[in-house]
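Participant: Mind looking over this structure? Questions follow.
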Amino acid sequence: MNTLRHYLQFKDFSRQDYDHVFQRARWIKDKFKRYEPYHPLFDRTLVMIFEKASTRTRLSFEAGMHQLGGSAIYLNTRDSQLGRGEPVEDAAQVVSRMSDLVMIRTFEQDIIERFAANSRVPVINGLTNEYHPCQILADILTFIEHRGPIQGKTVTWIGDSNNMCNTWLQAAEVLDFNVHVSTPPGYEVEPERAGLYGTDHFEQFADPLEACRGVDLVTTDVWTSMGFEAENEARMKAFADWCVDADMMAQARPEALFMHCLPAHRGEEVTAEVIDGPQSVVWDEAENRLHAQKALMEYLVFGKV
């Protein structure tokens with residue numbers, strides 16, 4: 001029997017774990033592209049619990065589970081007892097007795113940690129305020145496909161030090177690459193919140209242009225993440241100079257890629273010229289949520305295959 005493991009933040013896995021998951025993701029994706037069925041999760045059930053709305057997370061997990069031969073059940077906390085005050089611990093006991101995997105997309109990381117502590121099956125973080133490990137899993141898979149190993153490379157994060165930024169910082173420590181971060185004043189990285197205990201792989205820049213100099217990948221996200229809508233107006237003013245544009249991309253290496261986890265607001269955090277331009281790999285990145293998560297689910301259920 002495979003030991004119970006959860007995937008709650010990026011540093012839950014080692015570099016060896018990731019080497020395996022990326023290799024499996026590419027193999028599973030190749031099968032998918034050839035229309036060759038692969039059903040290791042036949043008769044298995046994934047429960048997806050959503051407290052925050054989503055397009056890509058729901059679609060990629062639901063389609064992925066289906067393609068692996070299993071089934072996915074969608075629960076919204078508004079329509080379940082969790083939304084009526086049932087303790088997270090109790091819900092975990094019940095849900096995990098009726099399923100083989102649980103994916104949760106919620107607010108505080110504490111909620112998913114408490115659920116996992118009481119679950120009999122693997123729990124996956126589909127997004128919390130603090131971390132978004134499945135997205136960075138897909139982003140790094142996309143980088144590997146286009147440019148080879150990410151070890152030793154430099155990634156620039158422009159904009160808000162949100163859950164995506166925190167997860168890139170963790171990934172850099174685990175996979176040995178570098179992250180440049182440029183945020184407006186007052187929105188800097190909080191090392192403790194990021195779960196960051198070393199600074200060897202991380203550098204902060206006041207000037208976004210400087211942060212992009214000579215890097216291999218430039219990435220960003222919306223300025224106002226879910227749950228922070230009340231701050232929207234203040235953020236629009238604060239972030240005005242942190243829009244990824246052609247000038248920033250020109251500072252990066254000529255072969256640098258651009259990524260965005262989507263949905264994107266053209267003209268705010270990125271110009272249309274960049275996101276729709278030749279360096280952008282956002283559609284491959286979006287598709288790779290599907291393949292990366294299929295490999296992740298296979299690994300959590302079976303270990304190394």
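A note on labels: chains of the structure tokens are A, B, ... as shown, every chain counts residues from 1, and ligands are counted from 1 in their shown order.
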For A:Ala234, please output as a ChimeraX atom specification all residues within 12 Å (counting only C-alpha atoms; exclusion window: fewer than 5 positions along the same chain).
Facilitator: /A:184,186-187,223-224,228-229,239-240
Participant: When distances are computed from only C-alpha atoms, which of A:Arg213, A:His20, A:Lys11, A:Lys153 shows the smallest separation from A:Leu296?
Facilitator: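 Between A:Arg213, A:His20, A:Lys11, A:Lys153, the residue approaching A:Leu296 most closely is A:His20.
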Participant: So that I can check the surroundings of A:Ala256, please list as a VMD selection string every protein, DNA and RNA residue that reaches within 10 Å of it, counting only C-alpha atoms and ignoring chain neighbours fewer than 4 positions away.
Facilitator: chain A and resid 143 147 154 to 155 212 214 to 218 249 to 252 279 to 280
Participant: Run DSSP on the backbone and give me the residues of stretch 103-304 of chain A it puts in strand (DSSP E or B), as a PyMOL selection string.
Facilitator: chain A and resi 103-105+123-127+154-158+178-182+202-204+217-220+244+257-260+266+270+280
Participant: I need the residues in stretch 162-225 of chain A that are alpha helix (DSSP H) according to DSSP; give them as a list in words.
Facilitator: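 So the alpha helix (DSSP H) residues in stretch 162-225 of chain A would be Asn163, Met164, Cys165, Asn166, Thr167, Trp168, Leu169, Gln170, Ala171, Ala172, Glu173, Val174, Leu175, Pro191, Glu192, Arg193, Ala194, Pro208, Leu209, Glu210 and Ala211 of chain A.
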Participant: Any chance you can output those residues with C-alpha atoms as a compact mmCIF listing (two decimals), in the first residue's frame?
Facilitator:
# COMPACT_ATOMS: atom_id res chain seq x y z
CA ASN A 163 0.00 32.78 -3.72
CA MET A 164 1.63 32.33 -7.14
CA CYS A 165 4.69 34.36 -6.16
CA ASN A 166 5.00 32.43 -2.85
CA THR A 167 4.88 29.14 -4.73
CA TRP A 168 7.51 30.18 -7.28
CA LEU A 169 9.80 31.03 -4.34
CA GLN A 170 9.30 27.58 -2.81
CA ALA A 171 9.83 25.92 -6.19
CA ALA A 172 13.15 27.75 -6.64
CA GLU A 173 14.44 26.29 -3.37
CA VAL A 174 13.31 22.75 -4.18
CA LEU A 175 14.40 22.71 -7.85
CA PRO A 191 9.16 35.37 3.71
CA GLU A 192 7.24 33.70 6.53
CA ARG A 193 3.95 33.69 4.60
CA ALA A 194 5.79 32.36 1.56
CA PRO A 208 10.68 45.88 -12.64
CA LEU A 209 12.88 46.54 -15.69
CA GLU A 210 15.96 45.68 -13.64
CA ALA A 211 14.26 42.51 -12.40
Participant: Write out as a ChimeraX atom specification each polymer residue whose atoms come within 8 Å of stretch 117-120 of chain A, counting only C-alpha atoms; drop sequence neighbours fewer than 6 positions from it.
Facilitator: /A:4,89-90,92-93,95-97
Participant: Would you output that residue set with C-alpha atoms, as a compact mmCIF listing (two decimals), in the first residue's frame?
Facilitator:
# COMPACT_ATOMS: atom_id res chain seq x y z
CA LEU A 4 -0.53 8.49 2.45
CA GLU A 89 -12.36 17.94 10.62
CA ASP A 90 -15.72 16.17 10.49
CA ALA A 92 -12.69 15.36 6.11
CA GLN A 93 -13.58 12.16 7.98
CA VAL A 95 -15.55 12.77 2.51
CA SER A 96 -12.36 10.70 2.72
CA ARG A 97 -14.32 7.53 3.58
Participant: When you count only C-alpha atoms, which of these residues is closest to A:Met48: A:Thr183, A:Thr77, A:Thr219, A:Ser14?
Facilitator: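 Of all the options, A:Thr77 lies closest to A:Met48.
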Participant: Can you pull out every residue within 10 Å of A:Glu145, counting only C-alpha atoms, but drop anything in the same chain fewer than 3 positions away, and send it as a list in words?
Facilitator: Phe22, Arg26, Asp139, Ile140, Leu141, Thr142, Gly148, Pro149 and Asp284 of chain A
Participant: Keeping only N, CA and C atoms, write the selected residues as a tab-separated table (two decimals), in the first residue's frame.
Facilitator:
chain	number	residue	atom	x	y	z
A	22	PHE	N	7.21	15.04	-13.42
A	22	PHE	CA	7.35	15.69	-14.73
A	22	PHE	C	7.53	14.65	-15.84
A	26	ARG	N	4.76	14.07	-18.96
A	26	ARG	CA	5.08	14.11	-20.39
A	26	ARG	C	4.64	12.82	-21.08
A	139	ASP	N	3.31	25.22	-14.78
A	139	ASP	CA	4.20	26.23	-15.36
A	139	ASP	C	5.61	25.65	-15.60
A	140	ILE	N	6.10	24.90	-14.63
A	140	ILE	CA	7.45	24.34	-14.77
A	140	ILE	C	7.47	23.24	-15.83
A	141	LEU	N	6.40	22.45	-15.89
A	141	LEU	CA	6.28	21.45	-16.98
A	141	LEU	C	6.35	22.15	-18.33
A	142	THR	N	5.68	23.29	-18.45
A	142	THR	CA	5.67	24.05	-19.71
A	142	THR	C	7.07	24.58	-20.03
A	148	GLY	N	13.83	22.98	-21.72
A	148	GLY	CA	14.65	22.01	-20.99
A	148	GLY	C	14.66	22.30	-19.49
A	149	PRO	N	15.59	21.68	-18.75
A	149	PRO	CA	15.57	21.77	-17.28
A	149	PRO	C	15.56	23.22	-16.78
A	284	ASP	N	-0.29	26.83	-23.82
A	284	ASP	CA	0.37	25.56	-23.45
A	284	ASP	C	0.34	25.40	-21.93
Participant: Could you jot down the atom CA of A:His66 to atom CA of A:Met297 separation for me, Å, one decimal place?
Facilitator: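 Taking atom CA of A:His66 as the start and atom CA of A:Met297 as the end point, the length is 11.9 Å.
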Participant: Mind checking which residues fall within 10 Å of A:Thr3, counting only C-alpha atoms, ignoring those fewer than 6 positions away in the same chain, and posting them as a tab-separated table (two decimals) with C-alpha atoms, in the first residue's frame?
Facilitator:
chain	number	residue	atom	x	y	z
A	121	VAL	CA	-6.94	9.79	1.35
A	122	PRO	CA	-4.53	12.22	-0.40
A	300	LEU	CA	-0.48	10.31	-4.92
A	301	VAL	CA	-2.52	7.15	-5.44
A	302	PHE	CA	0.20	4.72	-6.56
A	303	GLY	CA	3.58	6.27	-5.76
Participant: Taking only C-alpha atoms into account, name the residue in A:Tyr131, A:Met236, A:Tyr38, A:Val179 that is nearest to A:Asp110.
Facilitator: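 Selected residue with least distance to A:Asp110: A:Tyr131.
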Participant: Which is closer to A:Gly69 than all the others in A:Ala230, A:Thr57, A:Pro40, A:Phe50, using only C-alpha atoms?
Facilitator: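 Looking at the shortest contact to A:Gly69, the residue is A:Pro40.
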Participant: Taking only residues of stretch 147-177 of chain A that have an atom at most 10 Å from an atom of stretch 264-275 of chain A, what is each one's shortest atom pair and its distance in Å to one decimal, using only C-alpha atoms, in chain and number order, as a tab-separated table?
Facilitator:
residue	atom	partner	partner_atom	distance
A:Ile158	CA	A:Glu269	CA	8.5
A:Gly159	CA	A:Glu269	CA	7.4
A:Asp160	CA	A:Glu269	CA	9.8
Participant: Keeping only C-alpha atoms, take the residues you just selected and write them out as a PDB file, in the first residue's frame.
Facilitator:
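out.pdb was written with the following content:
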ATOM      1  CA  ILE A 158       6.267  40.991 -11.639  1.00  0.00           C
ATOM      2  CA  GLY A 159       3.337  42.347  -9.612  1.00  0.00           C
ATOM      3  CA  ASP A 160       1.665  41.162  -6.423  1.00  0.00           C
TER       4      ASP A 160
END
Participant: How many Å separate atom CA of A:Thr55 from atom CA of A:Gly126?
Facilitator: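 Atom CA of A:Gly126 lies 11.6 Å from atom CA of A:Thr55.
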